[in-house]
Amino acid sequence: MKFSNNKKLDLLAQSFVDKYKALNSSTLNLDPYNSAYAAQYLEKIEYNTYLACELLKNIDAIDSYDRVFDFGGGIGFNSAFFSFVGFKEVIYVDIDSLSKKDAQTINSALGFNNITYLTSDYTIFKEFDLTKALICSRDVIEHIYDLKSFLLLSSKAKTNRHNTAAVSNSFFRKNEFLKIHHNAEFVGNQNNISKERDSSEPYIQIRETILRDLNPNISEIKLDVLLGQTRGLIKKDIIAFLEDGRLPEHHTSMLNTNTCDPLTGNWAERTLSFKNYEQLASSTGVQLDFNLVDYNTYNQPILKKIALSLLNSITKLSQNERLCASFTLNY
């Protein structure tokens, strides 16, 4: 079983899998959402470890970095991996305080006690010297409201590696993402288990409440128009739009079916093309590079493994972003 072309990292990854498999999350009194998430990680431990290795692909030597940030760290899986493979300082950052608490509980149970845990968004980077830092994330950038500001601030680090499976116009998952966007906008959160900070109401309903609070005498016709025009905006930007018609840069051209929680700015699996990312980065001076990531061929039935291996080969040859399982944004 191979996780990386880097022999040293590959051996460490194999040992990490053995260590992490000892985790029994059911005994740790975790938040239900994080407990379920940890169980999912364990179920696909090999592929999740492969993706952790992917975040370290083609970076400089590990000891050339004075710290690594696991941004939007969730249950702290990547923090544990970064600690295990030998980074000098590992800093876990997540905006959700429950996730931070549970990540610390999980990693302490596994013997990883040399990790710093912080509750914050990306503005925490202002407090650090990033010149020798590595910033990594997985399944995070598709949720960041002001991605342009994130790119600008995080680019002060020596290296950035951000992996996301939110592939725009994916040949295989397009309908899945459309459904996610539709449900978030019009239906609301139907999951039995969810994060406390996530809104359960449909986003359009939250915007309606905001608009009615701002103008109790608004007509139904005007309300319907504004509900469409303010899709994908947080409250402060809704107010700005009402005052002078101002929208965030590139908002309309990149909205598509995307939508976000007006209270937190959390995008519902925002799907953007490589061209979209480059447009957002163009005015920041950040030069982006994209790496297409393989599908999961670990522990698969033989026929599925063959099919996915073939798909991985086709994706590598074609470099078609719509074919990939996920991609990593590098800068």
# chains A, B, ... in the order shown; residues from 1 in each chain; ligands from 1

call {"tool": "select_by_dssp", "arguments": {"residues": "region 23-118 of chain A", "states": "strand (DSSP E)", "output": "PyMOL selection string"}}
result
chain A and resi 67-71+90-94+115-118

call {"tool": "write_last_selection", "arguments": {"atoms": "C-alpha atoms", "output": "PDB file, in the first residue's frame"}}
result
ATOM      1  CA  ARG A  67       5.575  25.735  11.696  1.00  0.00           C
ATOM      2  CA  VAL A  68       2.649  24.219   9.848  1.00  0.00           C
ATOM      3  CA  PHE A  69      -0.944  25.404  10.177  1.00  0.00           C
ATOM      4  CA  ASP A  70      -3.785  22.905   9.885  1.00  0.00           C
ATOM      5  CA  PHE A  71      -6.380  25.498   8.909  1.00  0.00           C
ATOM      6  CA  VAL A  90       1.923  22.231  14.515  1.00  0.00           C
ATOM      7  CA  ILE A  91      -0.854  24.794  14.914  1.00  0.00           C
ATOM      8  CA  TYR A  92      -4.473  23.696  14.601  1.00  0.00           C
ATOM      9  CA  VAL A  93      -6.933  26.476  13.700  1.00  0.00           C
ATOM     10  CA  ASP A  94     -10.717  26.143  13.464  1.00  0.00           C
ATOM     11  CA  ILE A 115      -0.029  20.599  18.950  1.00  0.00           C
ATOM     12  CA  THR A 116      -1.279  24.136  19.635  1.00  0.00           C
ATOM     13  CA  TYR A 117      -5.062  24.550  19.280  1.00  0.00           C
ATOM     14  CA  LEU A 118      -6.630  27.903  18.359  1.00  0.00           C
TER      15      LEU A 118
END

call {"tool": "select_by_dssp", "arguments": {"residues": "region 24-273 of chain A", "states": "alpha helix (DSSP H)", "output": "PyMOL selection string"}}
result
chain A and resi 32-43+45-55+77-85+97-109+147-154+174-182+203-214+220-229+235-244+251-255

call {"tool": "residues_around", "arguments": {"residues": "Gly72 (chain A)", "least_positions_apart": "2", "cutoff": "9 Å", "atoms": "only C-alpha atoms", "output": "PyMOL selection string"}}
result
chain A and resi 70+74+76+92-96+120-122+136-141

call {"tool": "residues_around", "arguments": {"residues": "Ile210 (chain A)", "least_positions_apart": "4", "cutoff": "12 Å", "atoms": "only C-alpha atoms", "output": "JSON list (two decimals) with C-alpha atoms, in the first residue's frame"}}
result
[["chain", "number", "residue", "atom", "x", "y", "z"],
["A", 203, "TYR", "CA", -30.76, 30.51, 3.52],
["A", 204, "ILE", "CA", -33.44, 32.29, 1.50],
["A", 205, "GLN", "CA", -35.63, 32.36, 4.60],
["A", 206, "ILE", "CA", -32.81, 33.88, 6.66],
["A", 214, "LEU", "CA", -34.33, 46.28, 7.51],
["A", 215, "ASN", "CA", -37.56, 47.38, 5.78],
["A", 216, "PRO", "CA", -40.76, 46.24, 7.54],
["A", 218, "ILE", "CA", -41.21, 46.12, 1.88],
["A", 223, "LEU", "CA", -38.88, 41.27, -1.61],
["A", 226, "LEU", "CA", -34.12, 41.24, -3.55],
["A", 227, "LEU", "CA", -34.11, 37.63, -2.39],
["A", 230, "THR", "CA", -28.83, 38.96, -2.43],
["A", 233, "LEU", "CA", -24.34, 37.48, 0.54],
["A", 234, "ILE", "CA", -23.77, 37.85, 4.27],
["A", 235, "LYS", "CA", -25.77, 40.43, 6.21],
["A", 236, "LYS", "CA", -23.23, 43.28, 5.98],
["A", 237, "ASP", "CA", -23.05, 42.88, 2.20],
["A", 238, "ILE", "CA", -26.84, 42.71, 1.95],
["A", 239, "ILE", "CA", -26.95, 46.08, 3.72],
["A", 242, "LEU", "CA", -29.41, 47.94, -0.38],
["A", 262, "PRO", "CA", -26.13, 34.93, 5.51],
["A", 263, "LEU", "CA", -25.30, 34.76, 9.22]]

call {"tool": "atom_distance", "arguments": {"atom1": "CA of Asp244 (chain A)", "atom2": "CA of Gln229 (chain A)"}}
result
13.1 Å

call {"tool": "closest_atom_pairs", "arguments": {"of": "region 119-161 of chain A", "to": "region 264-286 of chain A", "cutoff": "12 Å", "atoms": "only C-alpha atoms", "output": "JSON lines"}}
result
{"residue": "A:Asp121", "atom": "CA", "partner": "A:Thr264", "partner_atom": "CA", "distance": 11.4}
{"residue": "A:Asp139", "atom": "CA", "partner": "A:Glu269", "partner_atom": "CA", "distance": 8.7}
{"residue": "A:Val140", "atom": "CA", "partner": "A:Glu269", "partner_atom": "CA", "distance": 9.0}
{"residue": "A:Ile141", "atom": "CA", "partner": "A:Arg270", "partner_atom": "CA", "distance": 8.5}
{"residue": "A:Glu142", "atom": "CA", "partner": "A:Arg270", "partner_atom": "CA", "distance": 4.8}
{"residue": "A:His143", "atom": "CA", "partner": "A:Trp267", "partner_atom": "CA", "distance": 4.4}
{"residue": "A:Ile144", "atom": "CA", "partner": "A:Asn266", "partner_atom": "CA", "distance": 6.2}
{"residue": "A:Tyr145", "atom": "CA", "partner": "A:Gly265", "partner_atom": "CA", "distance": 5.1}
{"residue": "A:Asp146", "atom": "CA", "partner": "A:Gly265", "partner_atom": "CA", "distance": 8.3}
{"residue": "A:Leu147", "atom": "CA", "partner": "A:Leu280", "partner_atom": "CA", "distance": 7.5}
{"residue": "A:Lys148", "atom": "CA", "partner": "A:Leu280", "partner_atom": "CA", "distance": 5.6}
{"residue": "A:Ser149", "atom": "CA", "partner": "A:Thr284", "partner_atom": "CA", "distance": 8.5}
{"residue": "A:Phe150", "atom": "CA", "partner": "A:Ala281", "partner_atom": "CA", "distance": 9.8}
{"residue": "A:Leu151", "atom": "CA", "partner": "A:Ala281", "partner_atom": "CA", "distance": 6.8}
{"residue": "A:Leu152", "atom": "CA", "partner": "A:Thr284", "partner_atom": "CA", "distance": 5.8}
{"residue": "A:Leu153", "atom": "CA", "partner": "A:Thr284", "partner_atom": "CA", "distance": 9.5}
{"residue": "A:Ser154", "atom": "CA", "partner": "A:Val286", "partner_atom": "CA", "distance": 9.8}
{"residue": "A:Ser155", "atom": "CA", "partner": "A:Val286", "partner_atom": "CA", "distance": 6.8}
{"residue": "A:Lys156", "atom": "CA", "partner": "A:Val286", "partner_atom": "CA", "distance": 9.7}
{"residue": "A:Ala157", "atom": "CA", "partner": "A:Val286", "partner_atom": "CA", "distance": 11.4}
{"residue": "A:Thr159", "atom": "CA", "partner": "A:Val286", "partner_atom": "CA", "distance": 11.5}
{"residue": "A:Asn160", "atom": "CA", "partner": "A:Val286", "partner_atom": "CA", "distance": 10.9}

call {"tool": "write_last_selection", "arguments": {"atoms": "C-alpha atoms", "output": "PDB file, in the first residue's frame"}}
result
ATOM      1  CA  ASP A 121     -10.760  32.308  11.297  1.00  0.00           C
ATOM      2  CA  ASP A 139     -12.282  20.730   2.435  1.00  0.00           C
ATOM      3  CA  VAL A 140     -12.082  24.297   3.731  1.00  0.00           C
ATOM      4  CA  ILE A 141     -11.517  26.830   0.942  1.00  0.00           C
ATOM      5  CA  GLU A 142     -14.915  26.037  -0.602  1.00  0.00           C
ATOM      6  CA  HIS A 143     -16.522  27.420   2.574  1.00  0.00           C
ATOM      7  CA  ILE A 144     -14.533  30.678   2.939  1.00  0.00           C
ATOM      8  CA  TYR A 145     -16.748  33.691   2.232  1.00  0.00           C
ATOM      9  CA  ASP A 146     -14.105  36.244   1.225  1.00  0.00           C
ATOM     10  CA  LEU A 147     -11.672  34.000  -0.600  1.00  0.00           C
ATOM     11  CA  LYS A 148      -9.766  36.922  -2.109  1.00  0.00           C
ATOM     12  CA  SER A 149      -8.875  38.250   1.355  1.00  0.00           C
ATOM     13  CA  PHE A 150      -7.889  34.742   2.452  1.00  0.00           C
ATOM     14  CA  LEU A 151      -5.550  34.342  -0.531  1.00  0.00           C
ATOM     15  CA  LEU A 152      -3.959  37.725   0.121  1.00  0.00           C
ATOM     16  CA  LEU A 153      -3.340  37.114   3.829  1.00  0.00           C
ATOM     17  CA  SER A 154      -2.287  33.465   3.601  1.00  0.00           C
ATOM     18  CA  SER A 155       0.093  34.191   0.702  1.00  0.00           C
ATOM     19  CA  LYS A 156       2.516  35.732   3.204  1.00  0.00           C
ATOM     20  CA  ALA A 157       3.396  32.141   4.166  1.00  0.00           C
ATOM     21  CA  THR A 159       3.948  27.693   1.081  1.00  0.00           C
ATOM     22  CA  ASN A 160       0.200  27.106   0.858  1.00  0.00           C
TER      23      ASN A 160
END

call {"tool": "closest_atom_pairs", "arguments": {"of": "region 124-204 of chain A", "to": "region 316-326 of chain A", "cutoff": "8 Å", "atoms": "only C-alpha atoms", "output": "JSON lines"}}
result
{"residue": "A:Asn163", "atom": "CA", "partner": "A:Ser326", "partner_atom": "CA", "distance": 6.9}
{"residue": "A:Thr164", "atom": "CA", "partner": "A:Ser326", "partner_atom": "CA", "distance": 5.5}
{"residue": "A:Ala165", "atom": "CA", "partner": "A:Ser326", "partner_atom": "CA", "distance": 4.0}
{"residue": "A:Ala166", "atom": "CA", "partner": "A:Ser326", "partner_atom": "CA", "distance": 7.0}
{"residue": "A:Val167", "atom": "CA", "partner": "A:Ser326", "partner_atom": "CA", "distance": 6.5}
{"residue": "A:Ser168", "atom": "CA", "partner": "A:Arg322", "partner_atom": "CA", "distance": 6.7}
{"residue": "A:Asn169", "atom": "CA", "partner": "A:Arg322", "partner_atom": "CA", "distance": 6.1}
{"residue": "A:Ser170", "atom": "CA", "partner": "A:Arg322", "partner_atom": "CA", "distance": 4.4}
{"residue": "A:Phe171", "atom": "CA", "partner": "A:Arg322", "partner_atom": "CA", "distance": 5.7}
{"residue": "A:Phe172", "atom": "CA", "partner": "A:Leu323", "partner_atom": "CA", "distance": 7.5}

call {"tool": "write_last_selection", "arguments": {"atoms": "C-alpha atoms", "output": "compact mmCIF listing (two decimals), in the first residue's frame"}}
result
# COMPACT_ATOMS: atom_id res chain seq x y z
CA ASN A 163 -7.26 20.59 -1.07
CA THR A 164 -10.94 20.65 -2.04
CA ALA A 165 -13.37 18.19 -3.61
CA ALA A 166 -15.75 21.00 -4.67
CA VAL A 167 -15.03 20.53 -8.37
CA SER A 168 -16.90 22.92 -10.68
CA ASN A 169 -19.07 21.15 -13.28
CA SER A 170 -17.73 17.77 -12.18
CA PHE A 171 -18.64 15.02 -14.62
CA PHE A 172 -19.57 12.76 -11.72

call {"tool": "residues_around", "arguments": {"residues": "Asp198 (chain A)", "least_positions_apart": "2", "cutoff": "9 Å", "atoms": "only C-alpha atoms", "output": "NGL selection string"}}
result
:A and (189 or 194-196 or 200 or 261 or 264 or 266)

call {"tool": "closest_residue", "arguments": {"among": "A:Ile180, A:Val187, A:Ala22, A:Leu310", "to": "Ile106 (chain A)", "atoms": "only C-alpha atoms"}}
result
A:Ala22

call {"tool": "atom_distance", "arguments": {"atom1": "CA of Tyr50 (chain A)", "atom2": "CA of Lys2 (chain A)"}}
result
8.2 Å
